[in-house]
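> Contents of my_file01.tsv (TSV, C-alpha atoms):
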```
chain	number	residue	atom	x	y	z
A	1	MET	CA	-191.07	-221.84	-176.67
A	2	THR	CA	-194.61	-223.17	-176.82
A	3	ALA	CA	-195.97	-219.90	-175.47
A	4	SER	CA	-194.11	-217.83	-178.05
A	5	ALA	CA	-195.23	-220.11	-180.87
A	6	HIS	CA	-198.76	-219.60	-179.66
A	7	THR	CA	-198.41	-215.82	-179.68
A	8	ARG	CA	-197.00	-216.02	-183.17
A	9	ALA	CA	-199.94	-218.02	-184.50
A	10	ASP	CA	-202.41	-215.55	-182.99
A	11	GLU	CA	-200.61	-212.34	-183.81
A	12	ARG	CA	-198.73	-212.70	-187.03
A	13	ALA	CA	-196.47	-209.84	-187.99
A	14	HIS	CA	-197.93	-209.63	-191.50
A	15	ILE	CA	-200.90	-210.86	-193.48
A	16	GLY	CA	-200.68	-214.28	-195.05
A	17	LEU	CA	-198.63	-217.34	-194.27
A	18	THR	CA	-195.64	-216.61	-192.08
A	19	GLN	CA	-192.70	-218.97	-192.33
A	20	ARG	CA	-192.01	-221.29	-189.41
A	21	GLU	CA	-190.03	-220.17	-186.42
A	22	GLY	CA	-186.34	-220.87	-186.82
A	23	GLU	CA	-186.63	-221.47	-190.56
A	24	GLY	CA	-187.00	-217.87	-191.62
A	25	PRO	CA	-187.34	-215.37	-192.96
A	26	ASP	CA	-188.47	-214.17	-189.56
A	27	PRO	CA	-191.99	-212.67	-189.72
A	28	ASP	CA	-190.75	-209.35	-188.32
A	29	GLU	CA	-188.07	-209.23	-190.98
A	30	ALA	CA	-190.57	-210.19	-193.71
A	31	ALA	CA	-193.27	-207.78	-192.56
A	32	PRO	CA	-192.04	-204.55	-194.23
A	33	ILE	CA	-191.30	-206.41	-197.48
A	34	ILE	CA	-194.73	-208.04	-197.58
A	35	PHE	CA	-196.40	-204.76	-196.61
A	36	GLY	CA	-194.53	-202.96	-199.39
A	37	PHE	CA	-195.82	-205.49	-201.87
A	38	TRP	CA	-199.36	-204.96	-200.61
A	39	VAL	CA	-198.92	-201.25	-201.37
A	40	PHE	CA	-197.95	-202.15	-204.94
A	41	LEU	CA	-200.91	-204.53	-205.24
A	42	MET	CA	-203.34	-201.89	-204.07
A	43	ALA	CA	-201.89	-199.36	-206.53
A	44	ASP	CA	-202.34	-201.97	-209.26
A	45	LEU	CA	-205.91	-202.47	-208.11
A	46	VAL	CA	-206.54	-198.72	-208.52
A	47	LEU	CA	-205.25	-199.00	-212.13
A	48	PHE	CA	-207.76	-201.77	-212.80
A	49	ALA	CA	-210.54	-199.82	-211.05
A	50	VAL	CA	-209.98	-196.90	-213.43
A	51	LEU	CA	-210.10	-199.25	-216.44
A	52	PHE	CA	-213.39	-200.59	-215.06
A	53	SER	CA	-214.86	-197.10	-214.84
A	54	VAL	CA	-213.83	-196.42	-218.46
A	55	TYR	CA	-215.49	-199.72	-219.37
A	56	ALA	CA	-218.68	-198.81	-217.50
A	57	ALA	CA	-218.84	-195.45	-219.27
A	58	MET	CA	-218.25	-197.03	-222.68
A	59	VAL	CA	-220.68	-199.91	-222.34
A	60	ASN	CA	-223.44	-197.31	-221.98
A	61	GLY	CA	-223.38	-195.24	-225.12
A	62	GLY	CA	-219.96	-196.18	-226.51
A	63	GLN	CA	-221.06	-199.08	-228.66
A	64	GLY	CA	-222.06	-197.27	-231.85
A	65	THR	CA	-222.99	-199.62	-234.68
A	66	ALA	CA	-220.30	-202.21	-233.90
A	67	PRO	CA	-221.27	-205.59	-232.41
A	68	GLY	CA	-222.11	-205.36	-228.69
A	69	PRO	CA	-221.79	-207.66	-225.65
A	70	ALA	CA	-225.02	-209.53	-226.43
A	71	ASP	CA	-223.77	-210.34	-229.97
A	72	LEU	CA	-220.27	-211.33	-228.98
A	73	PHE	CA	-220.26	-213.06	-225.63
A	74	ASP	CA	-220.68	-216.75	-225.15
A	75	LEU	CA	-220.34	-217.59	-221.46
A	76	LYS	CA	-218.85	-221.06	-221.94
A	77	ILE	CA	-215.28	-219.88	-222.52
A	78	PRO	CA	-215.27	-217.32	-219.65
A	79	PHE	CA	-216.68	-220.02	-217.36
A	80	VAL	CA	-213.89	-222.43	-218.27
A	81	GLU	CA	-211.34	-219.59	-217.92
A	82	THR	CA	-212.68	-218.86	-214.42
A	83	LEU	CA	-212.37	-222.51	-213.40
A	84	ILE	CA	-208.80	-222.63	-214.74
A	85	LEU	CA	-207.79	-219.51	-212.81
A	86	LEU	CA	-209.45	-220.85	-209.67
A	87	ALA	CA	-207.53	-224.12	-210.02
A	88	SER	CA	-204.35	-222.11	-210.60
A	89	SER	CA	-205.00	-220.15	-207.40
A	90	LEU	CA	-205.51	-223.42	-205.53
A	91	ALA	CA	-202.24	-224.81	-206.94
A	92	CYS	CA	-200.50	-221.58	-205.91
A	93	GLY	CA	-201.90	-221.95	-202.38
A	94	LYS	CA	-200.64	-225.54	-202.33
A	95	ALA	CA	-197.21	-224.29	-203.38
A	96	SER	CA	-197.24	-221.82	-200.46
A	97	LEU	CA	-198.09	-224.65	-198.05
A	98	ALA	CA	-195.35	-226.84	-199.57
A	99	LEU	CA	-192.87	-223.97	-199.12
A	100	LYS	CA	-193.75	-223.64	-195.46
A	101	TRP	CA	-194.19	-227.25	-194.40
A	102	ARG	CA	-192.14	-229.40	-196.73
A	103	HIS	CA	-188.47	-229.29	-197.23
A	104	ASP	CA	-188.40	-231.14	-200.51
A	105	ARG	CA	-188.09	-228.81	-203.43
A	106	GLY	CA	-189.69	-231.32	-205.80
A	107	ARG	CA	-193.14	-230.90	-204.34
A	108	LEU	CA	-192.87	-227.10	-204.30
A	109	LEU	CA	-191.67	-227.04	-207.92
A	110	ALA	CA	-194.46	-229.41	-208.96
A	111	TRP	CA	-197.14	-227.08	-207.54
A	112	MET	CA	-195.40	-224.06	-209.08
A	113	GLY	CA	-195.32	-225.92	-212.40
A	114	LEU	CA	-199.04	-226.67	-212.18
A	115	THR	CA	-199.75	-223.00	-211.35
A	116	PHE	CA	-197.74	-222.02	-214.44
A	117	LEU	CA	-199.46	-224.53	-216.74
A	118	LEU	CA	-202.94	-223.48	-215.64
A	119	GLY	CA	-201.95	-219.85	-216.21
A	120	ALA	CA	-200.76	-220.83	-219.69
A	121	GLY	CA	-204.06	-222.64	-220.34
A	122	PHE	CA	-205.96	-219.49	-219.43
A	123	LEU	CA	-203.84	-217.36	-221.74
A	124	VAL	CA	-204.29	-219.78	-224.66
A	125	LEU	CA	-208.08	-219.59	-224.30
A	126	GLU	CA	-207.97	-215.81	-223.99
A	127	LEU	CA	-205.72	-215.41	-227.04
A	128	ARG	CA	-208.00	-217.69	-229.05
A	129	ASP	CA	-210.92	-215.49	-228.02
A	130	PHE	CA	-209.01	-212.32	-228.99
A	131	ILE	CA	-208.11	-213.71	-232.40
A	132	GLN	CA	-211.73	-214.70	-233.06
A	133	LEU	CA	-212.94	-211.25	-232.04
A	134	ALA	CA	-210.45	-209.46	-234.27
A	135	THR	CA	-211.09	-211.64	-237.32
A	136	GLU	CA	-214.35	-213.62	-237.62
A	137	LYS	CA	-216.47	-211.47	-235.36
A	138	ASN	CA	-215.38	-208.08	-236.75
A	139	ALA	CA	-214.79	-206.72	-233.28
A	140	PRO	CA	-211.23	-205.35	-233.18
A	141	PRO	CA	-210.36	-202.67	-230.57
A	142	GLN	CA	-210.89	-199.81	-233.04
A	143	ALA	CA	-214.46	-200.83	-233.95
A	144	SER	CA	-216.10	-198.91	-231.08
A	145	GLY	CA	-215.39	-197.12	-227.81
A	146	TRP	CA	-216.81	-200.07	-225.94
A	147	LEU	CA	-214.55	-202.53	-227.77
A	148	SER	CA	-211.50	-200.34	-227.11
A	149	SER	CA	-212.25	-200.41	-223.39
A	150	TYR	CA	-212.98	-204.15	-223.49
A	151	TRP	CA	-209.66	-204.95	-225.17
A	152	LEU	CA	-207.80	-202.60	-222.86
A	153	LEU	CA	-209.26	-204.09	-219.67
A	154	LEU	CA	-208.95	-207.74	-220.71
A	155	GLY	CA	-205.54	-207.13	-222.31
A	156	THR	CA	-204.17	-205.49	-219.16
A	157	HIS	CA	-205.32	-208.45	-217.08
A	158	GLY	CA	-203.87	-210.90	-219.61
A	159	LEU	CA	-200.54	-209.06	-219.61
A	160	HIS	CA	-200.49	-209.29	-215.82
A	161	VAL	CA	-201.03	-213.05	-216.05
A	162	ALA	CA	-198.23	-213.36	-218.64
A	163	ALA	CA	-195.88	-211.25	-216.50
A	164	GLY	CA	-196.76	-213.38	-213.48
A	165	MET	CA	-195.85	-216.52	-215.43
A	166	ILE	CA	-192.46	-215.11	-216.41
A	167	TRP	CA	-191.87	-214.13	-212.78
A	168	LEU	CA	-192.90	-217.62	-211.62
A	169	ALA	CA	-190.48	-219.26	-214.09
A	170	VAL	CA	-187.64	-217.03	-212.87
A	171	ILE	CA	-188.39	-217.90	-209.22
A	172	ALA	CA	-188.55	-221.61	-210.09
A	173	ALA	CA	-185.08	-221.34	-211.67
A	174	GLN	CA	-183.84	-219.61	-208.49
A	175	VAL	CA	-185.31	-222.43	-206.36
A	176	VAL	CA	-183.35	-224.92	-208.45
A	177	LEU	CA	-180.10	-222.93	-208.55
A	178	TRP	CA	-179.97	-221.32	-205.10
A	179	GLY	CA	-182.30	-223.48	-203.02
A	180	LEU	CA	-184.81	-222.14	-200.53
A	181	VAL	CA	-182.79	-219.21	-199.24
A	182	HIS	CA	-184.72	-216.41	-197.50
A	183	GLU	CA	-184.77	-214.11	-200.54
A	184	VAL	CA	-186.31	-216.84	-202.70
A	185	LYS	CA	-188.87	-217.69	-200.01
A	186	LEU	CA	-189.88	-214.03	-199.82
A	187	ARG	CA	-190.28	-213.92	-203.61
A	188	ILE	CA	-192.54	-216.97	-203.57
A	189	MET	CA	-194.62	-215.35	-200.80
A	190	ARG	CA	-195.00	-212.16	-202.86
A	191	PHE	CA	-195.78	-214.06	-206.04
A	192	ALA	CA	-198.61	-215.87	-204.23
A	193	LEU	CA	-200.12	-212.49	-203.24
A	194	PHE	CA	-199.85	-211.25	-206.84
A	195	TRP	CA	-201.45	-214.38	-208.28
A	196	HIS	CA	-204.37	-214.40	-205.83
A	197	MET	CA	-204.92	-210.68	-206.47
A	198	LEU	CA	-205.16	-211.27	-210.24
A	199	ASP	CA	-207.89	-213.80	-209.53
A	200	ILE	CA	-209.84	-211.10	-207.71
A	201	VAL	CA	-209.51	-208.79	-210.72
A	202	TRP	CA	-210.76	-211.63	-212.93
A	203	ILE	CA	-213.84	-212.12	-210.72
A	204	ALA	CA	-214.62	-208.43	-211.22
A	205	ILE	CA	-214.16	-208.85	-215.01
A	206	ILE	CA	-216.46	-211.88	-215.06
A	207	THR	CA	-219.11	-209.96	-213.14
A	208	VAL	CA	-218.96	-206.57	-214.84
A	209	VAL	CA	-217.98	-207.54	-218.39
A	210	TYR	CA	-219.40	-210.97	-219.13
A	211	LEU	CA	-222.31	-211.61	-216.76
A	212	PHE	CA	-223.65	-208.02	-216.84
A	213	GLY	CA	-222.96	-208.01	-220.59
A	214	VAL	CA	-225.24	-210.91	-221.44
A	215	GLN	CA	-227.82	-210.01	-218.82
A	216	SER	CA	-228.62	-206.43	-219.77
B	1	MET	CA	-186.89	-232.68	-191.26
B	2	THR	CA	-190.36	-232.39	-192.75
B	3	GLY	CA	-193.85	-231.66	-191.55
B	4	PRO	CA	-195.05	-230.15	-188.28
B	5	ARG	CA	-192.67	-230.41	-185.33
B	6	ASN	CA	-195.13	-230.15	-182.46
B	7	GLU	CA	-198.79	-229.96	-181.56
B	8	GLU	CA	-198.99	-226.19	-182.21
B	9	GLU	CA	-197.63	-226.65	-185.71
B	10	HIS	CA	-199.98	-229.56	-186.41
B	11	GLU	CA	-202.85	-227.25	-185.54
B	12	GLU	CA	-201.39	-224.44	-187.68
B	13	LEU	CA	-200.96	-226.71	-190.72
B	14	ARG	CA	-204.47	-228.09	-190.31
B	15	ARG	CA	-205.86	-224.53	-190.14
B	16	GLU	CA	-203.94	-223.40	-193.22
B	17	ARG	CA	-205.01	-226.44	-195.26
B	18	ARG	CA	-208.59	-225.88	-194.16
B	19	ALA	CA	-208.46	-222.19	-195.21
B	20	LEU	CA	-207.37	-223.17	-198.72
B	21	THR	CA	-210.09	-225.83	-199.05
B	22	ILE	CA	-212.83	-223.56	-197.69
B	23	GLY	CA	-211.72	-220.79	-200.05
B	24	ALA	CA	-211.67	-223.06	-203.11
B	25	VAL	CA	-215.06	-224.63	-202.35
B	26	GLN	CA	-216.78	-221.32	-201.57
B	27	ALA	CA	-215.27	-219.67	-204.67
B	28	LEU	CA	-216.42	-222.57	-206.85
B	29	ILE	CA	-219.97	-222.44	-205.48
B	30	LEU	CA	-220.20	-218.65	-205.92
B	31	THR	CA	-218.81	-218.83	-209.48
B	32	CYS	CA	-221.30	-221.53	-210.46
B	33	ALA	CA	-224.17	-219.58	-208.84
B	34	ALA	CA	-223.21	-216.40	-210.70
B	35	PHE	CA	-223.04	-218.17	-214.07
B	36	ALA	CA	-226.30	-219.99	-213.29
B	37	ILE	CA	-228.24	-216.70	-213.21
B	38	PRO	CA	-228.02	-215.96	-216.97
B	39	ALA	CA	-227.88	-219.67	-217.85
B	40	THR	CA	-231.14	-220.61	-216.11
B	41	GLY	CA	-232.98	-217.30	-216.46
B	42	LEU	CA	-234.47	-217.69	-212.97
B	43	LEU	CA	-233.87	-214.03	-212.27
B	44	THR	CA	-234.44	-211.29	-214.84
B	45	GLY	CA	-233.83	-207.59	-215.23
B	46	LEU	CA	-232.65	-205.63	-212.21
B	47	ALA	CA	-232.95	-208.64	-209.86
B	48	ALA	CA	-230.54	-210.62	-212.05
B	49	LEU	CA	-228.01	-207.76	-212.16
B	50	ALA	CA	-228.26	-207.30	-208.39
B	51	GLY	CA	-227.83	-211.05	-207.84
B	52	ILE	CA	-224.74	-211.20	-210.09
B	53	ALA	CA	-223.23	-208.14	-208.39
B	54	LEU	CA	-223.86	-209.57	-204.91
B	55	LEU	CA	-222.30	-212.93	-205.82
B	56	GLY	CA	-219.28	-211.14	-207.34
B	57	VAL	CA	-218.72	-209.03	-204.21
B	58	LEU	CA	-219.10	-212.12	-202.01
B	59	GLN	CA	-216.56	-214.02	-204.08
B	60	ILE	CA	-214.08	-211.15	-203.88
B	61	ALA	CA	-214.53	-211.18	-200.09
B	62	VAL	CA	-213.99	-214.97	-200.06
B	63	HIS	CA	-210.74	-214.60	-202.04
B	64	PHE	CA	-209.46	-211.86	-199.72
B	65	ARG	CA	-210.34	-213.88	-196.63
B	66	TRP	CA	-209.15	-217.38	-197.51
B	67	PHE	CA	-206.51	-216.93	-200.22
B	68	LEU	CA	-204.98	-213.62	-199.16
B	69	HIS	CA	-205.61	-214.30	-195.45
B	70	LEU	CA	-206.92	-210.80	-194.77
B	71	ASP	CA	-208.84	-210.63	-191.50
B	72	LEU	CA	-209.77	-208.26	-188.73
B	73	ARG	CA	-207.07	-209.16	-186.21
B	74	ARG	CA	-205.60	-206.30	-184.23
B	75	SER	CA	-202.08	-207.09	-185.47
B	76	HIS	CA	-203.20	-206.61	-189.07
B	77	ARG	CA	-204.61	-203.13	-188.71
B	78	HIS	CA	-201.97	-201.52	-190.93
B	79	ASP	CA	-202.70	-203.85	-193.81
B	80	LEU	CA	-206.43	-203.59	-193.31
B	81	GLN	CA	-206.19	-199.78	-193.29
B	82	LEU	CA	-204.25	-199.94	-196.55
B	83	VAL	CA	-206.94	-202.08	-198.17
B	84	LEU	CA	-209.77	-199.95	-196.81
B	85	PHE	CA	-208.05	-196.76	-197.99
B	86	THR	CA	-207.72	-198.33	-201.45
B	87	VAL	CA	-211.41	-199.18	-201.38
B	88	LEU	CA	-212.13	-195.52	-200.56
B	89	ILE	CA	-209.93	-194.26	-203.43
B	90	VAL	CA	-211.45	-196.77	-205.83
B	91	THR	CA	-214.97	-195.78	-204.79
B	92	LEU	CA	-214.20	-192.08	-205.29
B	93	MET	CA	-212.47	-192.56	-208.65
B	94	VAL	CA	-214.86	-195.09	-210.14
B	95	GLY	CA	-217.99	-193.55	-208.63
B	96	GLY	CA	-216.93	-190.01	-209.57
B	97	SER	CA	-215.93	-190.93	-213.14
B	98	ILE	CA	-219.11	-192.86	-213.79
B	99	TRP	CA	-221.27	-190.10	-212.33
B	100	ILE	CA	-219.65	-187.42	-214.50
B	101	LEU	CA	-219.56	-189.51	-217.68
B	102	PHE	CA	-223.15	-190.71	-217.34
B	103	ASP	CA	-224.31	-187.17	-216.68
B	104	LEU	CA	-222.43	-186.03	-219.78
B	105	HIS	CA	-223.97	-188.90	-221.73
B	106	ASP	CA	-227.50	-187.85	-220.68
B	107	ARG	CA	-226.85	-184.24	-221.69
B	108	MET	CA	-225.59	-185.31	-225.12
B	109	MET	CA	-228.79	-187.23	-225.85
```
Could you quickly redo this structure as structure tokens?


Amino acid sequence: MTASAHTRADERAHIGLTQREGEGPDPDEAAPIIFGFWVFLMADLVLFAVLFSVYAAMVNGGQGTAPGPADLFDLKIPFVETLILLASSLACGKASLALKWRHDRGRLLAWMGLTFLLGAGFLVLELRDFIQLATEKNAPPQASGWLSSYWLLLGTHGLHVAAGMIWLAVIAAQVVLWGLVHEVKLRIMRFALFWHMLDIVWIAIITVVYLFGVQS
Amino acid sequence: MTGPRNEEEHEELRRERRALTIGAVQALILTCAAFAIPATGLLTGLAALAGIALLGVLQIAVHFRWFLHLDLRRSHRHDLQLVLFTVLIVTLMVGGSIWILFDLHDRMM
């Protein structure tokens, strides 16, 4: 028993937190499902990578006479947005630990709720930024090639965050209605992967769009 | 029944909590460092861009390692191969597109 638990800790069947022995879903049973979700995540990452290459092409020579990054970007909001997403990732990690180690649903739901609220906070800031760009700052998507690619990249990320929040709310309802059955546990595990992956995309956006934008 | 049931599980929980804390702290430091470059103006020009890019890549690695738990264990080779193959595809698509588009841009000048 001890020996097998030891093997399990050293050689997990899949990446990420495996559920505890005897509480399921069994790591071997979860492995193909988690791996399948990684395939989706990587495909999604390729989508973002292509949007980044469009952005890179447009930021050099696609700006025309419309306002450019140096005119539009103020790093305060993106900095706060980054901190919010980081906190949301931390809350999501806490939810994963609560799922594995605690058997009270309250704590799990509280962390999921915090993850959701922080995601909502991010979206509110982003929407406010979008509205300002489209109105006061005269920088709607159609103003230049660069702005089209900026709106497309940021909008795709924002839509992912919004979709993640809907997904999270649905899973939370399932936790309440059905309890922590294996299917629900697997969904929480996959949601955590999705949420952490979106954070990685955001780091790339911060670097390529905002920090490079004000620096060059 | 709550919490770890034996010594092994205590160790496992401690390790998993630690991973989350390390990840959050490292990510926070790297984020602040990256934003500090334009804010302080310590680095300029190409050095600043290189510094920002390096910090961004490091932070992505930190997120993969501590939040997504990706590592180099033998039992994870399939997942690692998937990620590395994606990196290859991304490099080809992004690198290739940028090369062609920048070349086109130069010729249009």

> One decimal, Å: what's the distance from atom CA of A:Val214 over to atom CA of A:Ala70, could you say?

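Interatomic distance here is 5.2 Å.
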
> Could you list, as a PyMOL selection string, every residue within 12 Å of B:Val90, counting all atoms listed in the file and ignoring same-chain residues fewer than 6 positions away?

(chain A and resi 42-53) or (chain B and resi 83-84+96-98)

> Using all atoms listed in the file and a cut-off of 8 Å, which residues of chain B sit close to chain A? Please list them as JSON, numbers by chain.

{"B": [1, 2, 3, 4, 8, 12, 13, 16, 17, 20, 24, 27, 28, 31, 34, 35, 38, 44, 45, 48, 49, 52, 53, 56, 59, 60, 63, 67, 68, 69, 70, 73, 74, 75, 76, 79, 82, 83, 86, 89, 90, 93, 94, 95, 97, 98, 101, 102, 105]}

> Identify, on the basis of all atoms listed in the file, every residue whose closest approach to stretch 118-133 of chain A does not exceed 9 Å; exclude the query and any residue fewer than 5 positions from it along the same chain; express the result as a PyMOL selection string.

chain A and resi 72+77-78+80-82+84-85+87-88+91+113+138-140+151+154+158+161-162+164-165

> Dump C-alpha atoms for the selected residues as a PDB file, keeping the file's coordinate frame?


```pdb
ATOM      1  CA  LEU A  72    -220.270-211.330-228.980  1.00  0.00           C
ATOM      2  CA  ILE A  77    -215.280-219.880-222.520  1.00  0.00           C
ATOM      3  CA  PRO A  78    -215.270-217.320-219.650  1.00  0.00           C
ATOM      4  CA  VAL A  80    -213.890-222.430-218.270  1.00  0.00           C
ATOM      5  CA  GLU A  81    -211.340-219.590-217.920  1.00  0.00           C
ATOM      6  CA  THR A  82    -212.680-218.860-214.420  1.00  0.00           C
ATOM      7  CA  ILE A  84    -208.800-222.630-214.740  1.00  0.00           C
ATOM      8  CA  LEU A  85    -207.790-219.510-212.810  1.00  0.00           C
ATOM      9  CA  ALA A  87    -207.530-224.120-210.020  1.00  0.00           C
ATOM     10  CA  SER A  88    -204.350-222.110-210.600  1.00  0.00           C
ATOM     11  CA  ALA A  91    -202.240-224.810-206.940  1.00  0.00           C
ATOM     12  CA  GLY A 113    -195.320-225.920-212.400  1.00  0.00           C
ATOM     13  CA  ASN A 138    -215.380-208.080-236.750  1.00  0.00           C
ATOM     14  CA  ALA A 139    -214.790-206.720-233.280  1.00  0.00           C
ATOM     15  CA  PRO A 140    -211.230-205.350-233.180  1.00  0.00           C
ATOM     16  CA  TRP A 151    -209.660-204.950-225.170  1.00  0.00           C
ATOM     17  CA  LEU A 154    -208.950-207.740-220.710  1.00  0.00           C
ATOM     18  CA  GLY A 158    -203.870-210.900-219.610  1.00  0.00           C
ATOM     19  CA  VAL A 161    -201.030-213.050-216.050  1.00  0.00           C
ATOM     20  CA  ALA A 162    -198.230-213.360-218.640  1.00  0.00           C
ATOM     21  CA  GLY A 164    -196.760-213.380-213.480  1.00  0.00           C
ATOM     22  CA  MET A 165    -195.850-216.520-215.430  1.00  0.00           C
TER      23      MET A 165
END
```

> Find the spatial neighbours of B:Gln26, counting all atoms listed in the file, within a cut-off of 8 Å - ignore same-chain residues fewer than 3 positions away - and output them as a PyMOL selection string.

chain B and resi 22-23+29-30+59+62

> Could you jot down the atom CA of A:Ala66 to atom CA of A:Ser144 separation for me, Å, one decimal place?

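We find that atom CA of A:Ala66 and atom CA of A:Ser144 lie 6.0 Å from each other.
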
> Taking only C-alpha atoms into account, which of A:Ile171, A:Val181, A:Leu198, A:Met189 comes nearest A:Glu23?

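Selected residue with least distance to A:Glu23: A:Val181.
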
> Could you tell me how far atom CA of A:Phe73 sits from atom CA of B:Thr40, in Å to one decimal place?

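Separating atom CA of B:Thr40 from atom CA of A:Phe73 is a distance of 16.3 Å.
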
> Filtering to C-alpha atoms, could stretch 21-67 of chain B of the supplied structure be written out as a PDB file, in the first residue's frame?


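This went into selection24.pdb:
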```pdb
ATOM      1  CA  THR B  21       3.225  29.235  -3.690  1.00  0.00           C
ATOM      2  CA  ILE B  22       6.517  29.064  -5.593  1.00  0.00           C
ATOM      3  CA  GLY B  23       4.667  29.561  -8.875  1.00  0.00           C
ATOM      4  CA  ALA B  24       2.691  32.556  -7.604  1.00  0.00           C
ATOM      5  CA  VAL B  25       5.728  34.259  -6.049  1.00  0.00           C
ATOM      6  CA  GLN B  26       7.983  33.702  -9.070  1.00  0.00           C
ATOM      7  CA  ALA B  27       5.253  34.855 -11.478  1.00  0.00           C
ATOM      8  CA  LEU B  28       4.668  37.999  -9.404  1.00  0.00           C
ATOM      9  CA  ILE B  29       8.387  38.850  -9.297  1.00  0.00           C
ATOM     10  CA  LEU B  30       8.801  38.294 -13.059  1.00  0.00           C
ATOM     11  CA  THR B  31       5.695  40.381 -13.859  1.00  0.00           C
ATOM     12  CA  CYS B  32       6.911  43.262 -11.697  1.00  0.00           C
ATOM     13  CA  ALA B  33      10.412  43.040 -13.220  1.00  0.00           C
ATOM     14  CA  ALA B  34       9.002  43.119 -16.760  1.00  0.00           C
ATOM     15  CA  PHE B  35       6.817  46.161 -16.047  1.00  0.00           C
ATOM     16  CA  ALA B  36       9.729  47.837 -14.244  1.00  0.00           C
ATOM     17  CA  ILE B  37      11.788  47.955 -17.456  1.00  0.00           C
ATOM     18  CA  PRO B  38       9.660  50.600 -19.251  1.00  0.00           C
ATOM     19  CA  ALA B  39       8.612  52.220 -15.962  1.00  0.00           C
ATOM     20  CA  THR B  40      12.150  52.903 -14.714  1.00  0.00           C
ATOM     21  CA  GLY B  41      13.902  53.303 -18.070  1.00  0.00           C
ATOM     22  CA  LEU B  42      16.976  51.483 -16.743  1.00  0.00           C
ATOM     23  CA  LEU B  43      17.315  49.604 -20.007  1.00  0.00           C
ATOM     24  CA  THR B  44      16.729  51.212 -23.402  1.00  0.00           C
ATOM     25  CA  GLY B  45      16.470  50.176 -27.019  1.00  0.00           C
ATOM     26  CA  LEU B  46      17.353  46.614 -27.945  1.00  0.00           C
ATOM     27  CA  ALA B  47      18.508  45.737 -24.397  1.00  0.00           C
ATOM     28  CA  ALA B  48      15.074  46.674 -23.034  1.00  0.00           C
ATOM     29  CA  LEU B  49      13.265  44.588 -25.670  1.00  0.00           C
ATOM     30  CA  ALA B  50      15.567  41.626 -25.018  1.00  0.00           C
ATOM     31  CA  GLY B  51      15.048  41.968 -21.253  1.00  0.00           C
ATOM     32  CA  ILE B  52      11.245  42.077 -21.615  1.00  0.00           C
ATOM     33  CA  ALA B  53      11.282  39.078 -23.966  1.00  0.00           C
ATOM     34  CA  LEU B  54      13.508  37.069 -21.616  1.00  0.00           C
ATOM     35  CA  LEU B  55      11.308  37.836 -18.594  1.00  0.00           C
ATOM     36  CA  GLY B  56       8.196  36.875 -20.604  1.00  0.00           C
ATOM     37  CA  VAL B  57       9.680  33.526 -21.675  1.00  0.00           C
ATOM     38  CA  LEU B  58      10.808  32.839 -18.098  1.00  0.00           C
ATOM     39  CA  GLN B  59       7.344  33.581 -16.758  1.00  0.00           C
ATOM     40  CA  ILE B  60       5.736  31.278 -19.317  1.00  0.00           C
ATOM     41  CA  ALA B  61       8.158  28.544 -18.199  1.00  0.00           C
ATOM     42  CA  VAL B  62       7.256  29.246 -14.551  1.00  0.00           C
ATOM     43  CA  HIS B  63       3.534  28.910 -15.322  1.00  0.00           C
ATOM     44  CA  PHE B  64       4.054  25.633 -17.191  1.00  0.00           C
ATOM     45  CA  ARG B  65       6.212  24.231 -14.405  1.00  0.00           C
ATOM     46  CA  TRP B  66       4.315  25.215 -11.265  1.00  0.00           C
ATOM     47  CA  PHE B  67       0.705  25.774 -12.354  1.00  0.00           C
TER      48      PHE B  67
END
```
